[in-house]
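Read through the structure below, which is laid out as structure tokens, and then see the notes.
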Number of protein chains: 2
Amino acid sequence: MAQSREVRLKSRPEGVPKASDFEIATVEAPPPGPGEVQVRNLFMSVDPYMRGRMYDRPSYVPPFQIGAAMEGGAVGEVVASNDPALKPGDLVSTMFGWRELFNAPAQGLQKLSPALPPQAYLGVAGMPGMTAWVGLLKIAAAKEGDVVFVSAAAGAVGQVVCQIAKIKGCKVIGSAGGPDKVAYLKEIGVDHAIDYRATPDLTRALAEASPKGIDVYFENVGGAHLEAALNAARPFARFAMCGMISQYNDTEPQPGPSNLMLVVGKRLRLEGFIVSDHFAEMGAFLQDMTGWITSGKVKWRETIDQGLEAAPGAFIKLFKGENIGKMLVKLS
Amino acid sequence: MAQSREVRLKSRPEGVPKASDFEIATVEAPPPGPGEVQVRNLFMSVDPYMRGRMYDRPSYVPPFQIGAAMEGGAVGEVVASNDPALKPGDLVSTMFGWRELFNAPAQGLQKLSPALPPQAYLGVAGMPGMTAWVGLLKIAAAKEGDVVFVSAAAGAVGQVVCQIAKIKGCKVIGSAGGPDKVAYLKEIGVDHAIDYRATPDLTRALAEASPKGIDVYFENVGGAHLEAALNAARPFARFAMCGMISQYNDTEPQPGPSNLMLVVGKRLRLEGFIVSDHFAEMGAFLQDMTGWITSGKVKWRETIDQGLEAAPGAFIKLFKGENIGKMLVKLS
């Protein structure tokens with residue numbers, strides 16, 4: 001019988017996750033049952049939001065269970081099928097990440113178009129890309145002429161936010177850590193790239209990048225970035241609150257921005273969102289994104305680690321900012 | 001020639017304003033010029049937002065100037081007129097508060113309907129009442145069945161928020177300081193009144209008042225109230241950010257709530273607003289409010305101090321929570 005390996009959560013991390021919080025298990029992979037297919041994963045995704053699922057607390061998704069395989073986005077190839085809807089060689093997108101081989105009912109799987117490389121459906125044309133599209137256009141309602149500030153701008157979501165904002169005629173200020181990311185931001189058309197690690201005063205850096213302030217903030221980071229964005233906000237600015245990666249590993253609650261009162265006087269709108277609430281618009285997103293990719297208006301980067309055993313380390317890299325673009329693990 | 005007295009800003013307050021930050025000056029009041037009327041103020045308003053105008057910094061209204069008479073809402077009686085639009089005995093609403101007698105162009109003044117006592121146009125039927133109406137119904141979009149949490153619920157704005165929320169079929173939780181205010185909240189139909197001064201854990205008090213959480217928060221206070229509201233918020237809750245009176249006198253920036261990250265996972269919307277942006281809807285507000293008052297659905301309280309010399313003290317009371325309902329100064 002075929003065998004598979006999977007990554008399980010061994011212990012709930014305290015602070016930044018460590019390799020020892022994970023374990024790799026070898027399991028048997030029986031042939032698919034009636035109506036099932038067997039899929040060999042090609043790429044799996046690691047995403048910052050998974051950190052939240054490692055806490056045992058109520059949230060919008062259930063917590064990961066100790067001793068169980070981690071879940072997450074993955075793309076794979078059908079290797080055996082007991083359902084006419086899918087045949088060997090078909091590519092599918094699933095949430096059965098963090099494992100090499102698995103069986104699943106064919107009806108629940110999403111078949112991928114061969115128009116793009118399969119791993120693009122984990123990034124620019126997948127959950128992170130749609131997060132950018134929803135947050136920028138629906139939540140923040142960015143429009144031509146707006147000044148848009150994007151934190152974690154060289155990450156999986158941020159790189160797409162920057163480029164959609166440029167397509168829509170915005171001026172874009174992107175923040176990222178280190179010269180390589182800053183160079184990448186310039187490559188994708190960001191007007192002002194801020195290396196936050198080399199910038200002692202983000203408020204001042206924003207004021208220099210746009211003396212008149214910002215109309216939109218795409219929040220991926222929290223902390224000093226949010227405080228600076230509040231300072232820079234023009235009246236009626238909109239903040240799409242997507243994540244706060246700087247705080248995901250806090251073991252003690254950290255104070256929020258001291259200037260939150262600016263929300264009143266500047267009439268700001270801060271709105272949190274989760275992309276899965278908007279999946280009904282997946283078709284509209286894919287139509288936009290496929291068009292932009294085809295016409296060369298959206299580019300992307302990936303950082304790819306190799307092999308299932310690399311998955312915990314790839315996940316940990318997210319919190320050290322060691323990825324440019326989408327962080328992926330290549331499984332076969 | 002007639003004389004008038006006015007309150008001037010003597011020094012910019014450090015922390016909580018003191019009586020010595022103000023001075024009273026006697027000025028001459030010449031007869032009104034062509035097209036002008038002379039008005040004797042009956043009541044003047046003191047409002048928390050005025051604290052912001054005492055700082056010398058850019059904001060949505062210009063700062064008060066040292067040595068100049070303070071401005072603010074007032075209602076008065078026309079005592080002399082050089083314009084056919086207004087005649088002696090007419091009641092007008094103006095922004096020439098903090099003085100007894102003044103001249104102004106008749107065309108700029110708003111004539112009051114005698115349907116309500118004149119000082120009601122400084123409270124329930126004026127700026128604070130409209131602030132409640134805009135914030136609750138337009139910004140927070142409160143609807144039947146919502147659980148609405150109101151801070152500073154026994155204040156000029158809060159008392160109106162509570163009652164409009166009840167009219168709209170919401171469950172209302174109000175927070176105020178002290179047993180007198182709690183008793184008043186029950187009198188106006190608040191479902192759960194919290195005495196925050198006697199409540200060590202606001203998050204727990206909210207959970208007890210509404211185990212399922214809150215759909216709307218009307219923010220007047222900031223600090224621990226905002227943190228508790230974030231904890232209590234149900235998914236997609238809306239926060240109308242009207243003010244943060246607990247912070248207006250801070251001499252050092254105070255940290256914001258440590259749980260702001262809940263905005264993302266709960267998909268909260270925090271939106272600041274200023275009532276003057278919505279003055280185009282004054283007619284709709286007055287129609288609603290006059291109807292509610294006439295049918296006995298909206299009641300109100302006033303705390304009235306006597307004489308121009310009492311104005312600084314009345315203003316300072318706002319920050320000590322010594323008023324129930326609208327804080328007013330009766331001038332004649």
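Identifiers for the structure tokens are assigned positionally: chains receive A, B, ... in sequence, residues are indexed from 1 per chain, and ligands are indexed from 1 in the order shown.
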Check which residues of chain A sit at most 7 Å from chain B using only C-alpha atoms, and return one row each with the closest pair of atoms and their distance in Å to one decimal, ordered by chain and rising number, as a tab-separated table.
```
residue	atom	partner	partner_atom	distance
A:Ser59	CA	B:Gly265	CA	6.8
A:Tyr60	CA	B:Gly265	CA	6.4
A:Met241	CA	B:Val264	CA	5.7
A:Cys242	CA	B:Val264	CA	6.0
A:Gly243	CA	B:Val264	CA	6.2
A:Met244	CA	B:Met261	CA	6.7
A:Pro253	CA	B:Ser258	CA	5.6
A:Gln254	CA	B:Ser258	CA	5.2
A:Pro255	CA	B:Ser258	CA	4.3
A:Gly256	CA	B:Gly256	CA	4.0
A:Pro257	CA	B:Gly256	CA	4.8
A:Ser258	CA	B:Pro255	CA	4.3
A:Leu260	CA	B:Gly256	CA	6.5
A:Met261	CA	B:Met244	CA	6.7
A:Val263	CA	B:Gly272	CA	5.1
A:Val264	CA	B:Gly272	CA	4.1
A:Gly265	CA	B:Tyr60	CA	6.4
A:Arg267	CA	B:Gly272	CA	4.1
A:Leu268	CA	B:Gly272	CA	5.3
A:Arg269	CA	B:Glu271	CA	4.3
A:Leu270	CA	B:Leu270	CA	5.0
A:Glu271	CA	B:Arg269	CA	4.3
A:Gly272	CA	B:Arg267	CA	4.1
A:Phe273	CA	B:Arg267	CA	4.7
A:Ile274	CA	B:Arg267	CA	6.9
```
* Contact residues around Lys297 (chain B) with only C-alpha atoms at 8 Å, ignoring same-chain residues under 3 positions, as an NGL selection string -> :B and (163 or 167 or 292-294)
* To do: Within region 6-64 of chain B, find each residue whose DSSP state, derived from the backbone, is strand (DSSP E or B), and express the selection as a VMD selection string.
  => chain B and resid 6 to 9 22 to 29 36 to 45
* Any idea what the distance is between CA of Lys330 (chain B) and CA of Gln306 (chain B)? -> 5.0 Å
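Using only C-alpha atoms, the nearest neighbour of Gly129 (chain B) within the list B:Phe285, B:Phe64, B:Phe43, B:Phe149 is B:Phe285.
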* Give me, please, the distance in Å between CA of Ala140 (chain A) and CA of Ala229 (chain A), quoted to one decimal. => 13.8 Å
* Test item: residues at most 10 Å from region 325-329 of chain A, only C-alpha atoms, excluding those fewer than 4 positions along its chain, as a PyMOL selection string -> chain A and resi 42-48+74+97-98+119-120+122-124+128-129+152-160+181+184+300-315+317-318
For the residues selected in the previous step, produce a file with C-alpha atoms as a short mmCIF file (atom, residue, chain, number, x, y, z; two decimals), in the first residue's frame.
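Writing the result to out-v7.cif gives the following:
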```cif
data_model
loop_
_atom_site.label_atom_id
_atom_site.label_comp_id
_atom_site.auth_asym_id
_atom_site.auth_seq_id
_atom_site.Cartn_x
_atom_site.Cartn_y
_atom_site.Cartn_z
CA LEU A 42 2.45 19.41 -5.79
CA PHE A 43 2.61 22.56 -3.67
CA MET A 44 1.29 23.48 -0.27
CA SER A 45 0.76 26.95 1.12
CA VAL A 46 1.88 28.39 4.43
CA ASP A 47 0.03 31.53 5.46
CA PRO A 48 0.18 33.88 8.46
CA ALA A 74 -2.62 23.03 -1.58
CA GLY A 97 -2.30 20.84 2.71
CA TRP A 98 0.59 19.75 4.92
CA GLN A 119 0.94 27.14 -7.62
CA ALA A 120 -0.41 30.50 -8.82
CA LEU A 122 -2.21 29.38 -4.02
CA GLY A 123 -0.99 32.93 -4.51
CA VAL A 124 -1.82 35.66 -6.95
CA PRO A 128 -3.93 35.82 -1.11
CA GLY A 129 -4.72 37.45 -4.46
CA ALA A 152 4.00 43.89 4.25
CA ALA A 153 3.91 45.12 0.66
CA ALA A 154 6.29 42.47 -0.68
CA GLY A 155 4.31 39.61 0.85
CA ALA A 156 1.83 37.31 -0.85
CA VAL A 157 -1.10 39.69 -0.37
CA GLY A 158 0.79 42.98 -0.35
CA GLN A 159 2.44 42.46 -3.74
CA VAL A 160 -1.00 42.06 -5.30
CA LYS A 181 12.11 43.67 -0.90
CA TYR A 184 11.17 44.23 -5.70
CA TRP A 300 4.47 37.99 -8.72
CA ARG A 301 7.25 36.37 -6.79
CA GLU A 302 7.32 33.10 -4.91
CA THR A 303 9.68 31.80 -2.25
CA ILE A 304 9.73 28.01 -2.53
CA ASP A 305 11.12 25.54 -0.01
CA GLN A 306 11.49 21.90 -0.93
CA GLY A 307 9.87 18.84 0.63
CA LEU A 308 7.27 18.21 3.32
CA GLU A 309 9.90 18.26 6.06
CA ALA A 310 10.61 21.91 5.12
CA ALA A 311 7.02 23.00 5.80
CA PRO A 312 7.38 24.00 9.49
CA GLY A 313 10.48 26.04 8.67
CA ALA A 314 8.73 27.71 5.74
CA PHE A 315 5.85 28.65 8.01
CA LYS A 317 9.95 32.18 7.95
CA LEU A 318 6.73 34.18 7.50
#
```
* **helix (DSSP H, G or I) positions in region 9-195 of chain A, given as a ChimeraX atom specification** => /A:19-21,50-53,106-108,118-122,127-139,158-167,179-187
Take the residues from that selection and put them in a file with C-alpha atoms, as a PDB file, in the first residue's frame.
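again_38.pdb, written as the output of this step:
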```pdb
ATOM      1  CA  ALA A  19      10.295  23.378  14.611  1.00  0.00           C
ATOM      2  CA  SER A  20       9.652  21.253  17.695  1.00  0.00           C
ATOM      3  CA  ASP A  21       5.995  22.363  17.712  1.00  0.00           C
ATOM      4  CA  MET A  50      -2.575  29.688  10.289  1.00  0.00           C
ATOM      5  CA  ARG A  51      -0.872  31.033  13.407  1.00  0.00           C
ATOM      6  CA  GLY A  52      -4.284  31.995  14.765  1.00  0.00           C
ATOM      7  CA  ARG A  53      -5.538  28.441  14.313  1.00  0.00           C
ATOM      8  CA  ALA A 106     -14.150  14.057  -5.955  1.00  0.00           C
ATOM      9  CA  GLN A 107     -17.227  16.261  -5.643  1.00  0.00           C
ATOM     10  CA  GLY A 108     -15.617  18.519  -3.051  1.00  0.00           C
ATOM     11  CA  PRO A 118      -0.701  25.405 -10.573  1.00  0.00           C
ATOM     12  CA  GLN A 119       0.941  27.138  -7.621  1.00  0.00           C
ATOM     13  CA  ALA A 120      -0.406  30.504  -8.822  1.00  0.00           C
ATOM     14  CA  TYR A 121      -3.766  29.297  -7.481  1.00  0.00           C
ATOM     15  CA  LEU A 122      -2.213  29.379  -4.017  1.00  0.00           C
ATOM     16  CA  MET A 127      -6.652  33.169  -1.534  1.00  0.00           C
ATOM     17  CA  PRO A 128      -3.928  35.824  -1.108  1.00  0.00           C
ATOM     18  CA  GLY A 129      -4.718  37.449  -4.464  1.00  0.00           C
ATOM     19  CA  MET A 130      -8.426  37.525  -3.733  1.00  0.00           C
ATOM     20  CA  THR A 131      -7.692  38.926  -0.264  1.00  0.00           C
ATOM     21  CA  ALA A 132      -5.894  41.814  -1.952  1.00  0.00           C
ATOM     22  CA  TRP A 133      -8.721  42.346  -4.449  1.00  0.00           C
ATOM     23  CA  VAL A 134     -11.497  42.263  -1.823  1.00  0.00           C
ATOM     24  CA  GLY A 135      -9.646  44.386   0.720  1.00  0.00           C
ATOM     25  CA  LEU A 136      -8.498  47.089  -1.642  1.00  0.00           C
ATOM     26  CA  LEU A 137     -11.518  47.420  -3.901  1.00  0.00           C
ATOM     27  CA  LYS A 138     -14.470  46.364  -1.748  1.00  0.00           C
ATOM     28  CA  ILE A 139     -13.474  47.136   1.837  1.00  0.00           C
ATOM     29  CA  GLY A 158       0.792  42.980  -0.351  1.00  0.00           C
ATOM     30  CA  GLN A 159       2.443  42.457  -3.740  1.00  0.00           C
ATOM     31  CA  VAL A 160      -1.002  42.064  -5.297  1.00  0.00           C
ATOM     32  CA  VAL A 161      -2.502  45.031  -3.436  1.00  0.00           C
ATOM     33  CA  CYS A 162       0.279  47.260  -4.775  1.00  0.00           C
ATOM     34  CA  GLN A 163      -0.270  46.212  -8.377  1.00  0.00           C
ATOM     35  CA  ILE A 164      -4.077  46.403  -8.310  1.00  0.00           C
ATOM     36  CA  ALA A 165      -3.765  49.872  -6.797  1.00  0.00           C
ATOM     37  CA  LYS A 166      -1.493  50.926  -9.662  1.00  0.00           C
ATOM     38  CA  ILE A 167      -3.910  49.452 -12.211  1.00  0.00           C
ATOM     39  CA  PRO A 179      16.745  46.204   0.466  1.00  0.00           C
ATOM     40  CA  ASP A 180      15.776  43.119  -1.577  1.00  0.00           C
ATOM     41  CA  LYS A 181      12.110  43.673  -0.898  1.00  0.00           C
ATOM     42  CA  VAL A 182      12.393  47.386  -1.554  1.00  0.00           C
ATOM     43  CA  ALA A 183      14.008  46.616  -4.920  1.00  0.00           C
ATOM     44  CA  TYR A 184      11.168  44.232  -5.700  1.00  0.00           C
ATOM     45  CA  LEU A 185       8.562  46.847  -4.805  1.00  0.00           C
ATOM     46  CA  LYS A 186      10.126  49.280  -7.249  1.00  0.00           C
ATOM     47  CA  GLU A 187      10.116  46.556  -9.894  1.00  0.00           C
TER      48      GLU A 187
END
```
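Considering the residues A:Ala207, A:Ala85, A:Ala193, A:Ile214 and counting only C-alpha atoms, Cys170 (chain A) has its shortest atom-to-atom contact with A:Ile214.
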* Quick one: everything within 7 Å of Leu91 (chain B), counting only C-alpha atoms, minus sequence neighbours fewer than 5 positions away in the same chain. Send it as a VMD selection string. => chain B and resid 75 to 78 111 to 112
* To do: Find the spatial neighbours of Ile66 (chain B), counting only C-alpha atoms, within a cut-off of 10 Å - ignore same-chain residues fewer than 6 positions away - and output them as a list of chain:residue names.
  => B:Arg8, B:Leu9, B:Lys10, B:Ser11, B:Arg12, B:Asp21, B:Phe22, B:Met54, B:Asp56
Save out the residues we just selected, N, CA and C atoms, as a tab-separated table (two decimals), in the first residue's frame.
```tsv
chain	number	residue	atom	x	y	z
B	8	ARG	N	-13.25	84.37	27.92
B	8	ARG	CA	-12.12	84.23	26.99
B	8	ARG	C	-11.21	83.11	27.47
B	9	LEU	N	-10.52	82.51	26.50
B	9	LEU	CA	-9.49	81.53	26.85
B	9	LEU	C	-8.24	82.31	27.27
B	10	LYS	N	-7.81	82.08	28.51
B	10	LYS	CA	-6.66	82.83	29.03
B	10	LYS	C	-5.37	82.06	28.78
B	11	SER	N	-5.43	80.76	28.92
B	11	SER	CA	-4.23	79.94	28.68
B	11	SER	C	-4.68	78.56	28.21
B	12	ARG	N	-3.85	77.91	27.43
B	12	ARG	CA	-4.19	76.57	26.94
B	12	ARG	C	-4.04	75.59	28.10
B	21	ASP	N	-7.74	78.91	33.60
B	21	ASP	CA	-7.48	78.92	32.16
B	21	ASP	C	-8.44	79.86	31.42
B	22	PHE	N	-9.42	80.41	32.14
B	22	PHE	CA	-10.43	81.26	31.53
B	22	PHE	C	-10.42	82.63	32.21
B	54	MET	N	-9.11	73.70	22.32
B	54	MET	CA	-8.19	74.43	23.21
B	54	MET	C	-6.73	74.07	22.95
B	56	ASP	N	-3.60	73.91	20.38
B	56	ASP	CA	-3.18	74.63	19.18
B	56	ASP	C	-2.63	73.63	18.18
```
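Separating CA of Val92 (chain A) from CA of Gly283 (chain A) is a distance of 16.6 Å.
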Taking 6 positions as the minimum chain separation for residues in the same chain, which residues sit within 9 Å of Glu36 (chain A) when counting only C-alpha atoms? Answer as a JSON list (two decimals) with C-alpha atoms, in the first residue's frame.
```
[["chain", "number", "residue", "atom", "x", "y", "z"],
["A", 80, "ALA", "CA", -6.26, 7.70, -9.11],
["A", 81, "SER", "CA", -9.96, 8.31, -9.52],
["A", 82, "ASN", "CA", -13.19, 6.51, -8.74],
["A", 83, "ASP", "CA", -15.35, 9.35, -10.00],
["A", 103, "ASN", "CA", -7.97, 10.59, -0.65],
["A", 104, "ALA", "CA", -11.03, 12.83, -0.83],
["A", 105, "PRO", "CA", -14.50, 12.82, -2.37],
["A", 106, "ALA", "CA", -14.15, 14.06, -5.96],
["A", 107, "GLN", "CA", -17.23, 16.26, -5.64]]
```
